[in-house]
$ cat upload34.csv   # CSV, C-alpha atoms
chain,number,residue,atom,x,y,z
A,1,MET,CA,23.2,-35.9,-47.9
A,2,ALA,CA,26.2,-38.2,-47.4
A,3,LYS,CA,25.9,-41.8,-48.6
A,4,GLU,CA,26.6,-43.2,-45.1
A,5,ILE,CA,23.6,-44.6,-43.4
A,6,MET,CA,23.2,-42.7,-40.1
A,7,ASN,CA,20.8,-45.1,-38.4
A,8,PHE,CA,20.8,-48.8,-39.3
A,9,VAL,CA,19.4,-51.8,-37.5
A,10,GLN,CA,19.6,-55.4,-38.9
A,11,VAL,CA,17.1,-57.9,-37.7
A,12,ASN,CA,17.3,-61.4,-39.1
A,13,GLY,CA,15.4,-64.5,-38.0
A,14,GLU,CA,12.3,-66.7,-38.1
A,15,VAL,CA,8.9,-64.9,-38.1
A,16,VAL,CA,6.9,-65.8,-34.9
A,17,ASP,CA,3.8,-63.7,-35.6
A,18,VAL,CA,2.3,-60.7,-37.3
A,19,TYR,CA,-0.4,-58.6,-35.6
A,20,GLY,CA,-1.9,-55.2,-35.1
A,21,GLU,CA,-2.7,-54.4,-38.7
A,22,LYS,CA,-4.3,-51.0,-39.1
A,23,ILE,CA,-4.7,-47.8,-41.1
A,24,VAL,CA,-3.8,-44.6,-39.3
A,25,ASN,CA,-5.3,-41.2,-40.2
A,26,GLU,CA,-7.6,-42.9,-42.7
A,27,GLY,CA,-8.7,-40.7,-45.5
A,28,GLU,CA,-6.1,-38.0,-44.9
A,29,SER,CA,-3.2,-37.1,-47.2
A,30,TYR,CA,-0.8,-38.6,-44.6
A,31,GLU,CA,-2.7,-41.9,-44.2
A,32,ARG,CA,-0.4,-44.7,-43.0
A,33,TYR,CA,-0.4,-48.5,-43.0
A,34,GLU,CA,1.0,-50.2,-39.9
A,35,PHE,CA,1.5,-53.7,-38.4
A,36,MET,CA,3.8,-55.4,-35.9
A,37,MET,CA,6.0,-58.5,-36.4
A,38,LYS,CA,7.7,-60.7,-33.9
A,39,VAL,CA,11.0,-62.2,-35.1
A,40,LYS,CA,13.0,-64.9,-33.3
A,41,THR,CA,16.6,-63.7,-33.6
A,42,ASP,CA,18.1,-66.5,-31.6
A,43,GLU,CA,17.1,-69.3,-29.3
A,44,ASP,CA,16.3,-67.0,-26.4
A,45,ASN,CA,15.3,-63.7,-28.0
A,46,VAL,CA,12.3,-62.4,-29.9
A,47,ARG,CA,12.3,-58.9,-31.3
A,48,ASP,CA,9.2,-56.8,-32.0
A,49,VAL,CA,9.6,-54.7,-35.2
A,50,LYS,CA,7.1,-52.1,-36.6
A,51,PHE,CA,6.1,-51.9,-40.3
A,52,SER,CA,4.9,-48.4,-41.0
A,53,CYS,CA,4.6,-46.5,-44.3
A,54,ASN,CA,2.5,-44.0,-46.2
A,55,THR,CA,-0.3,-45.6,-48.3
A,56,LYS,CA,0.0,-43.0,-51.1
A,57,THR,CA,2.8,-41.2,-52.9
A,58,ALA,CA,3.0,-37.4,-53.2
A,59,LYS,CA,1.0,-37.8,-56.5
A,60,GLY,CA,-1.8,-39.6,-54.6
A,61,GLU,CA,-1.0,-43.0,-56.1
A,62,GLU,CA,-0.8,-46.2,-54.1
A,63,SER,CA,2.8,-46.5,-52.9
A,64,SER,CA,4.9,-49.5,-53.8
A,65,LYS,CA,6.1,-49.8,-50.2
A,66,TYR,CA,2.5,-50.0,-49.0
A,67,LYS,CA,1.8,-52.8,-51.5
A,68,GLY,CA,4.9,-54.6,-50.5
A,69,PHE,CA,4.1,-54.4,-46.8
A,70,ILE,CA,0.5,-55.7,-47.4
A,71,THR,CA,1.9,-58.7,-49.3
A,72,ILE,CA,4.3,-59.5,-46.4
A,73,PHE,CA,1.4,-59.3,-43.9
A,74,ASP,CA,-0.9,-61.5,-46.0
A,75,GLU,CA,1.6,-64.1,-47.2
A,76,ILE,CA,4.2,-64.5,-44.5
A,77,LYS,CA,4.3,-67.9,-42.7
A,78,THR,CA,4.6,-67.6,-38.9
A,79,ILE,CA,5.4,-70.0,-36.1
A,80,ALA,CA,2.0,-69.0,-34.5
A,81,GLU,CA,0.0,-70.4,-37.4
A,82,ASN,CA,2.3,-72.9,-39.1
A,83,GLU,CA,4.7,-74.1,-36.4
A,84,LYS,CA,7.5,-73.1,-38.6
A,85,GLY,CA,7.8,-69.5,-39.9
A,86,ASP,CA,9.5,-68.0,-42.9
A,87,ARG,CA,13.0,-66.5,-42.3
A,88,ILE,CA,13.3,-62.9,-43.0
A,89,SER,CA,15.9,-60.1,-43.1
A,90,LEU,CA,14.8,-56.6,-42.0
A,91,SER,CA,16.7,-53.3,-42.5
A,92,CYS,CA,15.3,-50.9,-39.8
A,93,LYS,CA,15.9,-47.7,-38.0
A,94,VAL,CA,15.9,-47.4,-34.2
A,95,THR,CA,13.6,-44.7,-32.9
A,96,ASN,CA,12.2,-43.7,-29.5
A,97,ASN,CA,8.5,-44.3,-28.9
A,98,ALA,CA,7.9,-41.5,-26.3
A,99,TYR,CA,4.5,-40.3,-25.1
A,100,TYR,CA,2.3,-39.4,-22.1
A,101,SER,CA,-0.6,-41.6,-21.0
A,102,LYS,CA,-2.8,-40.8,-18.0
A,103,GLY,CA,-0.3,-38.4,-16.7
A,104,VAL,CA,2.7,-40.8,-16.9
A,105,PHE,CA,5.6,-40.4,-19.3
A,106,TYR,CA,6.6,-43.6,-21.2
A,107,GLU,CA,9.5,-44.2,-23.6
A,108,LYS,CA,11.1,-47.2,-25.2
A,109,PRO,CA,13.3,-48.0,-28.2
A,110,GLU,CA,11.3,-49.0,-31.3
A,111,LEU,CA,12.6,-50.8,-34.4
A,112,VAL,CA,10.9,-49.4,-37.6
A,113,VAL,CA,11.3,-51.4,-40.8
A,114,ASP,CA,12.7,-49.8,-44.0
A,115,PHE,CA,13.1,-52.9,-46.1
A,116,ALA,CA,12.2,-56.5,-45.8
A,117,ASN,CA,13.4,-59.6,-47.7
A,118,ARG,CA,12.2,-63.2,-47.2
A,119,GLU,CA,14.7,-66.0,-47.4
A,120,LYS,CA,14.3,-67.9,-50.7
A,121,ASN,CA,16.2,-69.5,-53.6
A,122,GLY,CA,18.8,-71.0,-51.2
A,123,LYS,CA,19.7,-67.6,-49.7
A,124,ARG,CA,20.4,-67.8,-46.0
A,125,TYR,CA,20.1,-65.0,-43.5
A,126,GLU,CA,22.0,-65.7,-40.3
A,127,ASP,CA,20.3,-64.8,-37.0
A,128,ASN,CA,21.1,-61.2,-36.1
A,129,ALA,CA,19.9,-58.2,-34.0
A,130,SER,CA,22.5,-55.5,-34.2
A,131,PHE,CA,22.8,-51.7,-34.9
A,132,SER,CA,25.1,-49.1,-36.2
A,133,VAL,CA,24.3,-45.4,-35.6
A,134,TYR,CA,25.9,-42.0,-35.9
A,135,ALA,CA,25.0,-40.3,-32.6
A,136,TYR,CA,25.4,-37.0,-30.8
A,137,ILE,CA,26.5,-37.8,-27.3
A,138,GLU,CA,24.4,-35.7,-24.9
A,139,ASP,CA,25.8,-37.3,-21.7
A,140,VAL,CA,27.9,-40.2,-20.4
A,141,ILE,CA,26.5,-41.5,-17.1
A,142,GLU,CA,28.4,-43.9,-14.8
A,143,THR,CA,25.8,-46.3,-13.3
A,144,LYS,CA,25.9,-47.5,-9.7
A,145,ASP,CA,27.2,-50.9,-10.8
A,146,GLY,CA,30.2,-49.3,-12.6
A,147,LEU,CA,28.8,-49.5,-16.1
A,148,LEU,CA,28.0,-46.7,-18.5
A,149,ASP,CA,24.8,-45.2,-20.0
A,150,PHE,CA,25.3,-43.0,-23.1
A,151,LYS,CA,22.4,-40.6,-23.6
A,152,CYS,CA,22.4,-39.9,-27.3
A,153,LEU,CA,20.6,-38.1,-30.1
A,154,VAL,CA,20.1,-40.2,-33.2
A,155,ASN,CA,18.7,-39.0,-36.6
A,156,GLU,CA,15.7,-40.7,-38.2
A,157,TYR,CA,15.7,-38.6,-41.3
A,158,LYS,CA,16.7,-35.2,-42.8
A,159,THR,CA,15.1,-33.7,-45.9
A,160,THR,CA,15.3,-30.3,-47.5
A,161,ARG,CA,12.3,-29.3,-45.5
A,162,SER,CA,12.4,-31.2,-42.3
A,163,ILE,CA,14.6,-33.2,-39.8
A,164,LYS,CA,13.7,-35.6,-37.1
A,165,GLY,CA,15.7,-37.2,-34.3
A,166,HIS,CA,15.3,-39.3,-31.2
A,167,GLU,CA,16.9,-39.4,-27.8
A,168,LEU,CA,18.0,-42.9,-26.7
A,169,ILE,CA,20.0,-44.6,-24.0
A,170,PHE,CA,22.8,-46.9,-25.2
A,171,LYS,CA,24.4,-49.1,-22.5
A,172,VAL,CA,28.0,-50.4,-22.0
A,173,LEU,CA,27.3,-53.7,-20.3
A,174,ASP,CA,30.8,-55.2,-20.6
A,175,LYS,CA,33.0,-54.0,-17.7
A,176,ASP,CA,36.1,-54.7,-19.8
A,177,LEU,CA,35.0,-52.0,-22.3
A,178,VAL,CA,34.1,-49.3,-19.7
A,179,GLU,CA,37.5,-47.6,-19.6
A,180,ASP,CA,37.9,-47.7,-23.3
A,181,PHE,CA,34.5,-46.0,-23.9
A,182,LYS,CA,35.2,-43.4,-21.1
A,183,SER,CA,38.6,-42.5,-22.6
A,184,THR,CA,37.4,-42.4,-26.2
A,185,TYR,CA,34.0,-40.6,-26.1
A,186,LYS,CA,32.8,-37.5,-24.2
A,187,LYS,CA,29.8,-35.3,-23.9
A,188,GLY,CA,29.4,-33.3,-27.1
A,189,ASP,CA,31.0,-35.8,-29.5
A,190,VAL,CA,29.4,-37.1,-32.6
A,191,ALA,CA,30.5,-40.7,-33.2
A,192,GLN,CA,29.6,-43.8,-35.1
A,193,LEU,CA,28.6,-46.4,-32.5
A,194,GLU,CA,27.6,-50.1,-32.9
A,195,GLY,CA,26.2,-52.9,-30.8
A,196,LEU,CA,23.7,-55.6,-30.2
A,197,ILE,CA,20.0,-55.5,-29.3
A,198,LYS,CA,19.3,-57.8,-26.4
A,199,ASP,CA,17.0,-58.4,-23.5
A,200,VAL,CA,18.2,-57.8,-19.9
A,201,LYS,CA,16.5,-58.3,-16.6
A,202,ILE,CA,15.9,-55.0,-14.8
A,203,LYS,CA,15.2,-54.9,-11.0
A,204,VAL,CA,11.8,-53.2,-10.3
A,205,GLU,CA,11.4,-51.1,-7.1
A,206,VAL,CA,8.3,-52.3,-5.3
A,207,PRO,CA,6.7,-50.0,-2.7
A,208,GLU,CA,7.3,-51.3,0.9
A,209,GLU,CA,3.5,-51.5,1.6
A,210,LYS,CA,3.1,-54.1,-1.1
A,211,LEU,CA,5.8,-56.4,0.5
A,212,VAL,CA,4.6,-56.5,4.1
A,213,GLU,CA,3.0,-59.8,5.3
A,214,LEU,CA,-0.8,-59.7,5.6
A,215,GLU,CA,-2.7,-61.0,8.6
A,216,VAL,CA,-4.2,-64.4,7.8
A,217,LYS,CA,-7.9,-64.4,8.6
A,218,GLY,CA,-11.2,-65.5,7.1
A,219,VAL,CA,-12.2,-69.0,6.0
A,220,GLY,CA,-12.0,-71.2,3.0
A,221,SER,CA,-11.1,-69.5,-0.3
A,222,ALA,CA,-10.8,-66.1,1.3
A,223,ARG,CA,-8.2,-67.3,3.7
A,224,GLN,CA,-6.4,-69.3,1.0
A,225,LYS,CA,-6.0,-66.1,-1.1
A,226,ILE,CA,-4.3,-64.3,1.7
A,227,ILE,CA,-1.9,-67.3,2.2
A,228,GLU,CA,-1.1,-67.3,-1.5
A,229,GLU,CA,-0.5,-63.5,-1.5
A,230,ASN,CA,1.8,-63.8,1.5
A,231,ALA,CA,3.8,-66.5,-0.4
A,232,ARG,CA,4.1,-64.1,-3.4
A,233,ARG,CA,5.2,-61.2,-1.2
A,234,LYS,CA,7.8,-63.4,0.6
A,235,GLU,CA,9.2,-64.4,-2.8
A,236,MET,CA,9.5,-60.7,-3.8
A,237,ARG,CA,11.1,-59.7,-0.5
A,238,GLU,CA,13.7,-62.5,-0.8
A,239,ASN,CA,14.5,-62.5,-4.5
A,240,GLY,CA,13.4,-59.1,-5.8
A,241,VAL,CA,11.1,-58.3,-8.7
A,242,TYR,CA,12.6,-58.2,-12.2
A,243,GLU,CA,11.2,-57.4,-15.6
A,244,THR,CA,12.7,-57.9,-19.1
A,245,GLU,CA,13.7,-54.9,-21.0
A,246,MET,CA,15.1,-54.5,-24.5
A,247,VAL,CA,18.3,-52.6,-24.4
A,248,LEU,CA,20.8,-51.2,-27.0
A,249,GLU,CA,24.2,-52.6,-25.9
A,250,LEU,CA,27.3,-50.8,-27.1
A,251,THR,CA,30.1,-53.1,-28.2
A,252,GLY,CA,32.3,-50.8,-30.2
A,253,GLY,CA,32.7,-47.4,-31.9
A,254,TYR,CA,34.6,-45.5,-34.5
A,255,ASP,CA,35.8,-41.9,-35.2
A,256,THR,CA,34.3,-38.8,-33.6
A,257,TYR,CA,33.2,-35.7,-35.5
A,258,THR,CA,32.8,-32.1,-34.5
A,259,PRO,CA,29.5,-30.4,-35.5
A,260,GLU,CA,31.6,-28.4,-38.0
A,261,GLN,CA,32.9,-31.6,-39.6
A,262,CYS,CA,29.4,-32.9,-39.7
A,263,GLU,CA,28.3,-29.9,-41.6
A,264,GLU,CA,31.1,-30.2,-44.1
A,265,LEU,CA,30.4,-33.9,-44.6
A,266,GLU,CA,26.7,-33.3,-44.8
A,267,TYR,CA,26.0,-35.5,-41.7
A,268,PRO,CA,22.8,-34.4,-39.9
A,269,TYR,CA,24.7,-33.2,-36.8
A,270,SER,CA,25.7,-29.6,-37.4
A,271,ASN,CA,24.9,-27.3,-34.4
A,272,GLU,CA,21.7,-26.2,-36.3
A,273,ASP,CA,20.6,-29.8,-37.0
A,274,ILE,CA,21.1,-30.8,-33.3
A,275,ASP,CA,19.1,-27.8,-32.1
A,276,ASP,CA,16.3,-28.5,-34.7
A,277,MET,CA,16.0,-32.2,-33.7
A,278,LEU,CA,16.0,-31.4,-29.9
A,279,ASP,CA,13.4,-28.6,-30.4
A,280,LYS,CA,11.2,-31.0,-32.5
A,281,ILE,CA,11.4,-33.7,-29.8
A,282,ASP,CA,10.3,-31.1,-27.1
A,283,GLU,CA,7.5,-29.9,-29.4
A,284,LEU,CA,6.1,-33.4,-30.0
A,285,LEU,CA,6.3,-34.3,-26.3
A,286,ASP,CA,4.4,-31.1,-25.4
A,287,LYS,CA,1.7,-32.0,-27.9
A,288,SER,CA,1.5,-35.5,-26.5
A,289,LYS,CA,1.2,-34.2,-22.9
A,290,ALA,CA,-1.5,-31.6,-24.0
A,291,ARG,CA,-3.6,-34.4,-25.7
A,292,ASP,CA,-3.2,-36.6,-22.7
A,293,GLN,CA,-4.2,-33.8,-20.3
A,294,LYS,CA,-7.3,-33.0,-22.3
A,295,ARG,CA,-8.2,-36.7,-22.4
A,296,TYR,CA,-7.4,-37.6,-18.8
A,297,PRO,CA,-7.6,-34.3,-16.9
A,298,GLY,CA,-8.0,-36.1,-13.6
A,299,SER,CA,-4.5,-37.6,-14.0
A,300,TYR,CA,-2.9,-34.2,-13.6
A,301,ASP,CA,-2.6,-32.3,-10.3
A,302,SER,CA,-4.4,-29.0,-10.3
A,303,ILE,CA,-2.9,-26.1,-8.5
A,304,ASN,CA,-5.0,-23.8,-6.4
A,305,ASP,CA,-4.2,-20.8,-4.2
A,306,GLU,CA,-3.8,-22.9,-1.1
A,307,ASP,CA,-1.0,-24.8,-2.8
A,308,VAL,CA,1.1,-21.7,-3.5
A,309,PRO,CA,3.3,-20.8,-0.5
A,310,PHE,CA,3.4,-17.0,-1.2

$ encode --input "upload34.csv" --output "C-alpha cells"
Amino acid sequence: MAKEIMNFVQVNGEVVDVYGEKIVNEGESYERYEFMMKVKTDEDNVRDVKFSCNTKTAKGEESSKYKGFITIFDEIKTIAENEKGDRISLSCKVTNNAYYSKGVFYEKPELVVDFANREKNGKRYEDNASFSVYAYIEDVIETKDGLLDFKCLVNEYKTTRSIKGHELIFKVLDKDLVEDFKSTYKKGDVAQLEGLIKDVKIKVEVPEEKLVELEVKGVGSARQKIIEENARRKEMRENGVYETEMVLELTGGYDTYTPEQCEELEYPYSNEDIDDMLDKIDELLDKSKARDQKRYPGSYDSINDEDVPF
C-alpha cells in the first residue's frame, strides 16, 4: 500500500460527553469495544465520533488499542460532568452508517476514531473538524439551488485479504467554487478532495394533511391542545420545518487519477478495487435488509396474485 492516507478526518476540541459504552459480539473472536464521544469543535458545533476496536489481537491477547480506549472512557474529563472538559485531538476515518430499520433505509456519515491524544504538557490543539479523502467520483449532481453534490466512493481499508469502502455525498456549498469544481472533476475520476465537517439546516417536507388547521372544539384542556396544535401548524406553514444535518463540505481538491494510475501507485481504486468495494456495499445492505425483514415482516409489503397485473 502507498504511504498516503486515503481517508483522514481531524477532530479537535473540548470533550462534551462520552456515552454508549458496550461490548459487541461478546465472546466471539471478533468481539469489539465501542463508545461514543461528543466533541465541541467550535462555539457552535459539536461532533459525534465513534470509538470502535477489536478487544483482542489475532493471537487472542488483549489489544493495546482496546486498553487505550478504555482508559480514555474511564479518565476523560467532560463538560457534562465537570463543567470543563479535556481537550482532545482525534484522527478518524469517515464512513457511511447505512442500514434498514422497520422497512426504511437510513444512512449518514459517521466519524470513526483511529487515534486519540489528550492535550497535555502545554501542547495545544486548535479547534478543527476537517477531512481529506481520496475518492472515486460516481456522479456529480447539480442541485436545484445551483450547488453541487458529489456522490463518491471512499476507502475504509484494504488488506491482502479484504477491502471495504463507503458511498458518501460531499457537497459544494460555496457558489464561487461551483464552476471550478465542475470544470475540474467529472464522473469516473479518482481525486484527492478536502473540506470541512459542518452542520447545515435542511428543509423537511411535511405532508399537507399535517399542516391544515384543525377545527377548534371541546372544552378546557382538550380545546387548548387544539389551539396549541393550530399555532404549531401555522408556524410550519409560514416558516417551514428544518432539521440540522451533518454534511461534508468540499472546499478544495488536488490531482485526479485514472484507475490504471491508482493500480500503479497502489491506491485502492483500481477497476477491480472499485468493483469489489461496490459489491461489498451491496452485499452488506442486502444482509441488513434481510435481517430487518425477518425482524419486522409487517414493515414490508407482501405481493399476492391480485397485485400482479398479468

$ closest_residue --input "upload34.csv" --among "A:Arg47, A:Lys151, A:Lys59, A:Lys67" --to "Glu34 of chain A" --atoms "only C-alpha atoms"
A:Lys67

$ atom_distance --input "upload34.csv" --atom1 "atom CA of Gly103 of chain A" --atom2 "atom CA of Ile169 of chain A"
22.4 Å

$ closest_residue --input "upload34.csv" --among "A:Ile76, A:Ala58, A:Ile23, A:Leu153" --to "Tyr136 of chain A" --atoms "only C-alpha atoms"
A:Leu153

$ residues_around --input "upload34.csv" --residues "Arg124 of chain A" --least-positions-apart "6" --cutoff "12 Å" --atoms "only C-alpha atoms" --output "PDB file with C-alpha atoms, keeping the file's coordinate frame"
ATOM      1  CA  ASN A  12      17.300 -61.400 -39.100  1.00  0.00           C
ATOM      2  CA  GLY A  13      15.400 -64.500 -38.000  1.00  0.00           C
ATOM      3  CA  GLU A  14      12.300 -66.700 -38.100  1.00  0.00           C
ATOM      4  CA  ASP A  86       9.500 -68.000 -42.900  1.00  0.00           C
ATOM      5  CA  ARG A  87      13.000 -66.500 -42.300  1.00  0.00           C
ATOM      6  CA  ILE A  88      13.300 -62.900 -43.000  1.00  0.00           C
ATOM      7  CA  SER A  89      15.900 -60.100 -43.100  1.00  0.00           C
ATOM      8  CA  ASN A 117      13.400 -59.600 -47.700  1.00  0.00           C
ATOM      9  CA  ARG A 118      12.200 -63.200 -47.200  1.00  0.00           C
TER      10      ARG A 118
END

$ closest_atom_pairs --input "upload34.csv" --of "segment 16-63 of chain A" --to "segment 194-199 of chain A" --cutoff "10 Å" --atoms "all atoms listed in the file" --output "CSV"
residue,atom,partner,partner_atom,distance
A:Thr41,CA,A:Lys198,CA,9.7
A:Asp44,CA,A:Asp199,CA,9.1
A:Asn45,CA,A:Asp199,CA,7.2
A:Val46,CA,A:Asp199,CA,8.9
A:Arg47,CA,A:Lys198,CA,8.6

$ atom_distance --input "upload34.csv" --atom1 "atom CA of Glu260 of chain A" --atom2 "atom CA of Lys280 of chain A"
21.3 Å

$ closest_residue --input "upload34.csv" --among "A:Gly218, A:Gly253, A:Gly240, A:Gly188" --to "Val206 of chain A" --atoms "all atoms listed in the file"
A:Gly240

$ atom_distance --input "upload34.csv" --atom1 "atom CA of Phe181 of chain A" --atom2 "atom CA of Thr258 of chain A"
17.6 Å

$ residues_near_point --input "upload34.csv" --point "(9.2, -46.8, -32.0)" --cutoff "12 Å" --atoms "only C-alpha atoms" --output "list in words"
Glu34, Met36, Asp48, Val49, Lys50, Phe51, Ser52, Cys92, Lys93, Val94, Thr95, Asn96, Asn97, Ala98, Tyr99, Tyr106, Glu107, Lys108, Pro109, Glu110, Leu111, Val112, Val113, Glu156, Gly165, His166, Glu167 and Leu168 of chain A

$ write_last_selection --input "upload34.csv" --atoms "C-alpha atoms" --output "tab-separated table (two decimals), keeping the file's coordinate frame"
chain	number	residue	atom	x	y	z
A	34	GLU	CA	1.00	-50.20	-39.90
A	36	MET	CA	3.80	-55.40	-35.90
A	48	ASP	CA	9.20	-56.80	-32.00
A	49	VAL	CA	9.60	-54.70	-35.20
A	50	LYS	CA	7.10	-52.10	-36.60
A	51	PHE	CA	6.10	-51.90	-40.30
A	52	SER	CA	4.90	-48.40	-41.00
A	92	CYS	CA	15.30	-50.90	-39.80
A	93	LYS	CA	15.90	-47.70	-38.00
A	94	VAL	CA	15.90	-47.40	-34.20
A	95	THR	CA	13.60	-44.70	-32.90
A	96	ASN	CA	12.20	-43.70	-29.50
A	97	ASN	CA	8.50	-44.30	-28.90
A	98	ALA	CA	7.90	-41.50	-26.30
A	99	TYR	CA	4.50	-40.30	-25.10
A	106	TYR	CA	6.60	-43.60	-21.20
A	107	GLU	CA	9.50	-44.20	-23.60
A	108	LYS	CA	11.10	-47.20	-25.20
A	109	PRO	CA	13.30	-48.00	-28.20
A	110	GLU	CA	11.30	-49.00	-31.30
A	111	LEU	CA	12.60	-50.80	-34.40
A	112	VAL	CA	10.90	-49.40	-37.60
A	113	VAL	CA	11.30	-51.40	-40.80
A	156	GLU	CA	15.70	-40.70	-38.20
A	165	GLY	CA	15.70	-37.20	-34.30
A	166	HIS	CA	15.30	-39.30	-31.20
A	167	GLU	CA	16.90	-39.40	-27.80
A	168	LEU	CA	18.00	-42.90	-26.70

$ residues_around --input "upload34.csv" --residues "Glu83 of chain A" --least-positions-apart "4" --cutoff "12 Å" --atoms "only C-alpha atoms" --output "PyMOL selection string"
chain A and resi 14-17+77-79

$ closest_residue --input "upload34.csv" --among "A:Val140, A:Asn7, A:Asp273, A:Glu264" --to "Thr160 of chain A" --atoms "only C-alpha atoms"
A:Asp273

$ closest_residue --input "upload34.csv" --among "A:Gly252, A:Gly60, A:Gly298, A:Pro259" --to "Leu177 of chain A" --atoms "only C-alpha atoms"
A:Gly252

$ residues_around --input "upload34.csv" --residues "Asp174 of chain A" --least-positions-apart "5" --cutoff "10 Å" --atoms "only C-alpha atoms" --output "compact mmCIF listing (two decimals) with C-alpha atoms, in the coordinates of the input"
# COMPACT_ATOMS: atom_id res chain seq x y z
CA GLY A 146 30.20 -49.30 -12.60
CA LEU A 147 28.80 -49.50 -16.10
CA LEU A 148 28.00 -46.70 -18.50
CA GLU A 249 24.20 -52.60 -25.90
CA LEU A 250 27.30 -50.80 -27.10
CA THR A 251 30.10 -53.10 -28.20

$ closest_atom_pairs --input "upload34.csv" --of "segment 108-215 of chain A" --to "segment 219-226 of chain A" --cutoff "12 Å" --atoms "all atoms listed in the file" --output "tab-separated table"
residue	atom	partner	partner_atom	distance
A:Glu213	CA	A:Ile226	CA	9.3
A:Leu214	CA	A:Ile226	CA	7.0
A:Glu215	CA	A:Ile226	CA	7.8

$ closest_residue --input "upload34.csv" --among "A:Glu229, A:Glu61, A:Asp276, A:Glu142" --to "Arg161 of chain A" --atoms "all atoms listed in the file"
A:Asp276

$ residues_near_point --input "upload34.csv" --point "(-0.8, -34.3, -24.7)" --cutoff "12 Å" --atoms "only C-alpha atoms" --output "list in words"
Ala98, Tyr99, Tyr100, Ser101, Lys102, Gly103, Val104, Phe105, Asp282, Glu283, Leu284, Leu285, Asp286, Lys287, Ser288, Lys289, Ala290, Arg291, Asp292, Gln293, Lys294, Arg295, Tyr296, Pro297, Ser299 and Tyr300 of chain A

$ residues_around --input "upload34.csv" --residues "Lys187 of chain A" --least-positions-apart "2" --cutoff "10 Å" --atoms "all atoms listed in the file" --output "list in words"
Tyr136, Ile137, Glu138, Asp139, Val140, Ile141, Phe150, Lys151, Cys152, Tyr185, Asp189 and Val190 of chain A

$ residues_around --input "upload34.csv" --residues "Tyr157 of chain A" --least-positions-apart "5" --cutoff "9 Å" --atoms "only C-alpha atoms" --output "list in words"
Met6, Asn7, Ser162, Ile163, Lys164, Gly165 and Pro268 of chain A

$ decode --input "upload34.csv" --residues "segment 279-293 of chain A" --atoms "N, CA and C atoms" --output "compact mmCIF listing (two decimals), in the first residue's frame"
# COMPACT_ATOMS: atom_id res chain seq x y z
N ASP A 279 -19.47 -4.03 -4.67
CA ASP A 279 -20.13 -5.32 -4.44
C ASP A 279 -20.31 -5.59 -2.95
N LYS A 280 -19.30 -5.25 -2.15
CA LYS A 280 -19.36 -5.48 -0.71
C LYS A 280 -20.43 -4.59 -0.07
N ILE A 281 -20.55 -3.35 -0.54
CA ILE A 281 -21.59 -2.45 -0.04
C ILE A 281 -22.97 -3.05 -0.30
N ASP A 282 -23.19 -3.52 -1.54
CA ASP A 282 -24.47 -4.13 -1.88
C ASP A 282 -24.74 -5.37 -1.04
N GLU A 283 -23.71 -6.17 -0.82
CA GLU A 283 -23.86 -7.39 -0.03
C GLU A 283 -24.27 -7.08 1.41
N LEU A 284 -23.63 -6.08 2.02
CA LEU A 284 -23.94 -5.72 3.40
C LEU A 284 -25.34 -5.13 3.53
N LEU A 285 -25.75 -4.32 2.53
CA LEU A 285 -27.10 -3.76 2.57
C LEU A 285 -28.16 -4.84 2.38
N ASP A 286 -27.88 -5.81 1.52
CA ASP A 286 -28.82 -6.92 1.33
C ASP A 286 -28.98 -7.71 2.63
N LYS A 287 -27.88 -7.91 3.35
CA LYS A 287 -27.94 -8.63 4.62
C LYS A 287 -28.71 -7.83 5.66
N SER A 288 -28.49 -6.51 5.68
CA SER A 288 -29.21 -5.65 6.62
C SER A 288 -30.71 -5.69 6.33
N LYS A 289 -31.07 -5.64 5.06
CA LYS A 289 -32.49 -5.67 4.69
C LYS A 289 -33.12 -7.01 5.04
N ALA A 290 -32.38 -8.10 4.82
CA ALA A 290 -32.90 -9.43 5.14
C ALA A 290 -33.13 -9.59 6.64
N ARG A 291 -32.18 -9.08 7.46
CA ARG A 291 -32.34 -9.14 8.92
C ARG A 291 -33.54 -8.32 9.36
N ASP A 292 -33.68 -7.14 8.77
CA ASP A 292 -34.79 -6.27 9.13
C ASP A 292 -36.13 -6.87 8.72
N GLN A 293 -36.15 -7.48 7.55
CA GLN A 293 -37.39 -8.09 7.06
C GLN A 293 -37.81 -9.27 7.93
